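Undergrad: Just work09.cif, nothing more (mmCIF, C-alpha atoms, pLDDT in the B column; chains and numbers go by the auth columns):
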data_query
#
loop_
_atom_site.group_PDB
_atom_site.id
_atom_site.type_symbol
_atom_site.label_atom_id
_atom_site.label_comp_id
_atom_site.label_asym_id
_atom_site.label_seq_id
_atom_site.Cartn_x
_atom_site.Cartn_y
_atom_site.Cartn_z
_atom_site.B_iso_or_equiv
_atom_site.auth_seq_id
_atom_site.auth_asym_id
ATOM 1 C CA MET A 1 88.341 112.461 107.308 50.00 25 A
ATOM 2 C CA MET A 2 89.692 114.718 104.566 52.00 26 A
ATOM 3 C CA SER A 3 92.900 112.720 104.284 67.00 27 A
ATOM 4 C CA ASN A 4 90.903 109.492 103.795 70.00 28 A
ATOM 5 C CA ALA A 5 88.917 111.042 100.949 64.00 29 A
ATOM 6 C CA ILE A 6 92.055 112.490 99.393 68.00 30 A
ATOM 7 C CA ALA A 7 93.829 109.135 99.712 70.00 31 A
ATOM 8 C CA ALA A 8 90.881 107.337 98.096 69.00 32 A
ATOM 9 C CA THR A 9 90.761 109.857 95.248 68.00 33 A
ATOM 10 C CA ARG A 10 94.517 109.637 94.791 71.00 34 A
ATOM 11 C CA GLU A 11 94.284 105.831 94.703 75.00 35 A
ATOM 12 C CA MET A 12 91.528 105.932 92.067 71.00 36 A
ATOM 13 C CA LEU A 13 93.569 108.344 89.944 71.00 37 A
ATOM 14 C CA GLU A 14 96.651 106.151 90.304 74.00 38 A
ATOM 15 C CA GLU A 15 94.664 103.075 89.208 75.00 39 A
ATOM 16 C CA GLY A 16 93.328 104.976 86.202 72.00 40 A
ATOM 17 C CA LYS A 17 96.818 106.174 85.296 73.00 41 A
ATOM 18 C CA ASN A 18 98.199 102.632 85.577 76.00 42 A
ATOM 19 C CA ALA A 19 95.439 101.296 83.319 76.00 43 A
ATOM 20 C CA ILE A 20 96.150 103.963 80.688 74.00 44 A
ATOM 21 C CA VAL A 21 99.897 103.291 80.831 76.00 45 A
ATOM 22 C CA LYS A 22 99.253 99.553 80.408 78.00 46 A
ATOM 23 C CA ASP A 23 96.970 100.232 77.426 75.00 47 A
ATOM 24 C CA LEU A 24 99.585 102.495 75.833 75.00 48 A
ATOM 25 C CA LYS A 25 102.295 99.874 76.289 79.00 49 A
ATOM 26 C CA ASP A 26 100.039 97.206 74.774 79.00 50 A
ATOM 27 C CA VAL A 27 99.260 99.396 71.760 75.00 51 A
ATOM 28 C CA ALA A 28 102.940 100.262 71.277 76.00 52 A
ATOM 29 C CA ARG A 29 103.925 96.589 71.509 79.00 53 A
ATOM 30 C CA GLU A 30 101.277 95.593 68.979 77.00 54 A
ATOM 31 C CA ALA A 31 102.161 98.458 66.638 73.00 55 A
ATOM 32 C CA ASP A 32 105.812 97.411 66.767 75.00 56 A
ATOM 33 C CA ALA A 33 104.867 93.829 65.907 76.00 57 A
ATOM 34 C CA LEU A 34 102.709 95.029 63.010 72.00 58 A
ATOM 35 C CA LEU A 35 105.484 97.233 61.669 71.00 59 A
ATOM 36 C CA ASN A 36 107.848 94.267 61.732 73.00 60 A
ATOM 37 C CA GLN A 37 105.300 92.238 59.767 70.00 61 A
ATOM 38 C CA VAL A 38 104.804 95.047 57.251 68.00 62 A
ATOM 39 C CA SER A 39 108.490 95.303 56.368 68.00 63 A
ATOM 40 C CA ASN A 40 108.212 92.228 54.102 67.00 64 A
ATOM 41 C CA ALA A 41 104.512 92.458 53.257 66.00 65 A
ATOM 42 C CA SER A 42 102.653 92.807 49.989 72.00 66 A
ATOM 43 C CA SER A 43 100.406 95.799 49.351 75.00 67 A
ATOM 44 C CA GLU A 44 97.310 93.874 50.532 77.00 68 A
ATOM 45 C CA GLU A 45 99.058 92.779 53.721 73.00 69 A
ATOM 46 C CA PHE A 46 100.282 96.336 54.221 72.00 70 A
ATOM 47 C CA ALA A 47 96.736 97.687 53.876 76.00 71 A
ATOM 48 C CA ALA A 48 95.447 95.134 56.401 78.00 72 A
ATOM 49 C CA ALA A 49 98.244 95.991 58.839 73.00 73 A
ATOM 50 C CA ARG A 50 97.551 99.692 58.421 75.00 74 A
ATOM 51 C CA SER A 51 93.880 99.088 59.224 81.00 75 A
ATOM 52 C CA ARG A 52 94.831 97.188 62.386 79.00 76 A
ATOM 53 C CA ILE A 53 97.204 99.981 63.450 75.00 77 A
ATOM 54 C CA GLU A 54 94.498 102.584 62.873 80.00 78 A
ATOM 55 C CA ALA A 55 92.035 100.515 64.922 82.00 79 A
ATOM 56 C CA ASN A 56 94.565 100.205 67.738 75.00 80 A
ATOM 57 C CA LEU A 57 95.227 103.936 67.707 76.00 81 A
ATOM 58 C CA HIS A 58 91.493 104.582 67.847 81.00 82 A
ATOM 59 C CA GLU A 59 91.210 102.262 70.869 78.00 83 A
ATOM 60 C CA MET A 60 94.100 104.083 72.547 75.00 84 A
ATOM 61 C CA ARG A 61 92.461 107.463 71.967 76.00 85 A
ATOM 62 C CA MET A 62 89.191 106.161 73.401 79.00 86 A
ATOM 63 C CA ALA A 63 90.984 104.757 76.476 74.00 87 A
ATOM 64 C CA LEU A 64 92.742 108.080 77.066 72.00 88 A
ATOM 65 C CA SER A 65 89.490 109.961 76.629 75.00 89 A
ATOM 66 C CA THR A 66 87.664 107.630 79.009 76.00 90 A
ATOM 67 C CA GLY A 67 90.450 107.895 81.586 71.00 91 A
ATOM 68 C CA SER A 68 90.487 111.678 81.524 73.00 92 A
ATOM 69 C CA ARG A 69 86.692 111.824 81.745 77.00 93 A
ATOM 70 C CA CYS A 70 86.789 109.450 84.727 74.00 94 A
ATOM 71 C CA ALA A 71 89.414 111.584 86.492 74.00 95 A
ATOM 72 C CA ALA A 72 87.397 114.751 85.857 77.00 96 A
ATOM 73 C CA LYS A 73 84.211 113.111 87.134 78.00 97 A
ATOM 74 C CA ASN A 74 85.971 111.894 90.290 76.00 98 A
ATOM 75 C CA ALA A 75 87.324 115.382 90.942 76.00 99 A
ATOM 76 C CA GLN A 76 83.885 116.904 90.347 80.00 100 A
ATOM 77 C CA ASP A 77 82.243 114.381 92.670 80.00 101 A
ATOM 78 C CA TYR A 78 84.769 115.099 95.406 76.00 102 A
ATOM 79 C CA VAL A 79 84.310 118.870 95.106 77.00 103 A
ATOM 80 C CA THR A 80 80.515 118.499 95.039 82.00 104 A
ATOM 81 C CA HIS A 81 80.410 116.270 98.129 80.00 105 A
ATOM 82 C CA ASN A 82 83.136 118.128 100.060 76.00 106 A
ATOM 83 C CA PRO A 83 82.817 121.851 99.238 81.00 107 A
ATOM 84 C CA TRP A 84 84.183 123.115 102.566 82.00 108 A
ATOM 85 C CA LYS A 85 87.116 120.720 102.519 80.00 109 A
ATOM 86 C CA THR A 86 87.894 121.763 98.974 76.00 110 A
ATOM 87 C CA ALA A 87 87.621 125.453 99.832 81.00 111 A
ATOM 88 C CA GLY A 88 89.894 124.923 102.833 80.00 112 A
ATOM 89 C CA ALA A 89 92.465 123.067 100.741 80.00 113 A
ATOM 90 C CA VAL A 90 92.420 125.798 98.080 81.00 114 A
ATOM 91 C CA ALA A 91 92.755 128.513 100.726 83.00 115 A
ATOM 92 C CA MET A 92 95.682 126.681 102.321 84.00 116 A
ATOM 93 C CA LEU A 93 97.342 126.253 98.940 82.00 117 A
ATOM 94 C CA GLY A 94 96.893 129.992 98.287 85.00 118 A
ATOM 95 C CA ILE A 95 98.504 130.837 101.620 86.00 119 A
ATOM 96 C CA ILE A 96 101.438 128.536 100.929 85.00 120 A
ATOM 97 C CA ILE A 97 101.950 130.002 97.444 85.00 121 A
ATOM 98 C CA GLY A 98 101.720 133.512 98.903 83.00 122 A
ATOM 99 C CA ILE A 99 104.340 132.739 101.546 85.00 123 A
ATOM 100 C CA LEU A 100 106.671 131.114 99.034 82.00 124 A
ATOM 101 C CA SER A 101 106.323 133.930 96.512 82.00 125 A
ATOM 102 C CA THR A 102 107.137 136.635 99.107 83.00 126 A
ATOM 103 C CA ARG A 103 110.287 134.763 100.167 76.00 127 A
ATOM 104 C CA HIS A 104 111.736 134.897 96.654 62.00 128 A
ATOM 105 C CA HIS A 105 111.510 138.692 96.364 55.00 129 A
#
Go ahead and express the file in the form of structure tokens.
TA:
Amino acid sequence: MMSNAIAATREMLEEGKNAIVKDLKDVAREADALLNQVSNASSEEFAAARSRIEANLHEMRMALSTGSRCAAKNAQDYVTHNPWKTAGAVAMLGIIIGILSTRHH
């Protein structure tokens, strides 16, 4: 049961990460194209290109913000709906860290 919920959460996070990576690649590709256009542009064309780059950067920031908010909400929902599973996982992680840290001394 816990592994299904963890797998579903992991899948949602992976999908969100993939969407953000795709958005970043799209913005980088478009910014590169705009910079190539600007190299031979007049001051008016440069100003228009700069405005488009700024708009793209704003969209990228919004996408990153939305993605991180979505990940935080999913984590909060999981913890809220599965408090004992979460507590058990944290306790197990603490035990593992404790065992590993005593081995290195």
Undergrad: For each of A:Ile77, A:Ala115, A:Ile120, A:Met36, take the minimum atom-to-atom distance to Arg53 in chain A, counting only C-alpha atoms, then give the residue where this is smallest.
TA: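 Distance minimum relative to Arg53 in chain A lands on A:Ile77.
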Undergrad: Select, from A:Leu124, A:Ile119, A:Ala113, A:Leu88, the residue with the minimum atom-to-atom distance to Lys41 in chain A, counting only C-alpha atoms.
TA: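 Smallest separation from Lys41 in chain A among the options: A:Leu88.
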Undergrad: Within 8 Å of (91.9, 97.7, 72.2) (file coordinates; all atoms listed in the file), which protein or nucleic acid residues are there? I'd like them as a list of chain:residue names.
TA: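 Every polymer residue passing the test: A:Asp47, A:Val51, A:Ala79, A:Asn80, A:Glu83, A:Met84.
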Undergrad: Mind giving me the straight-line distance from CA of Glu78 in chain A to CA of Ala43 in chain A in Å, one decimal?
TA: 20.5 Å
Undergrad: Enter the distance from CA of Gly91 in chain A to CA of Gly112 in chain A, in Å, rounded to one decimal.
TA: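 The value is 27.2 Å.
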Undergrad: Give the centre and edge lengths of an axis-aligned box, in Å to one decimal, that holds all listed atoms of range 58-62 of chain A with 4 Å on each side, as AutoDock Vina command-line options.
TA:
--center_x 105.3 --center_y 94.7 --center_z 60.1 --size_x 13.1 --size_y 13.0 --size_z 13.8
Undergrad: Find the residue from A:Val45, A:Leu37, A:Ala55, A:Ala31 that sits nearest to Leu81 in chain A; use only C-alpha atoms when measuring.
TA: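 For Leu81 in chain A, the nearest of the candidates is A:Ala55.
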Undergrad: Please write as a ChimeraX atom specification the full residue list that the PyMOL selection byres ((chain A and resi 94) around 12) yields on this file.
TA: /A:33,36-41,43-44,87-93,95-101
Undergrad: So what do you get for CA of Ala57 in chain A versus CA of His82 in chain A, distance-wise?
TA: 17.3 Å
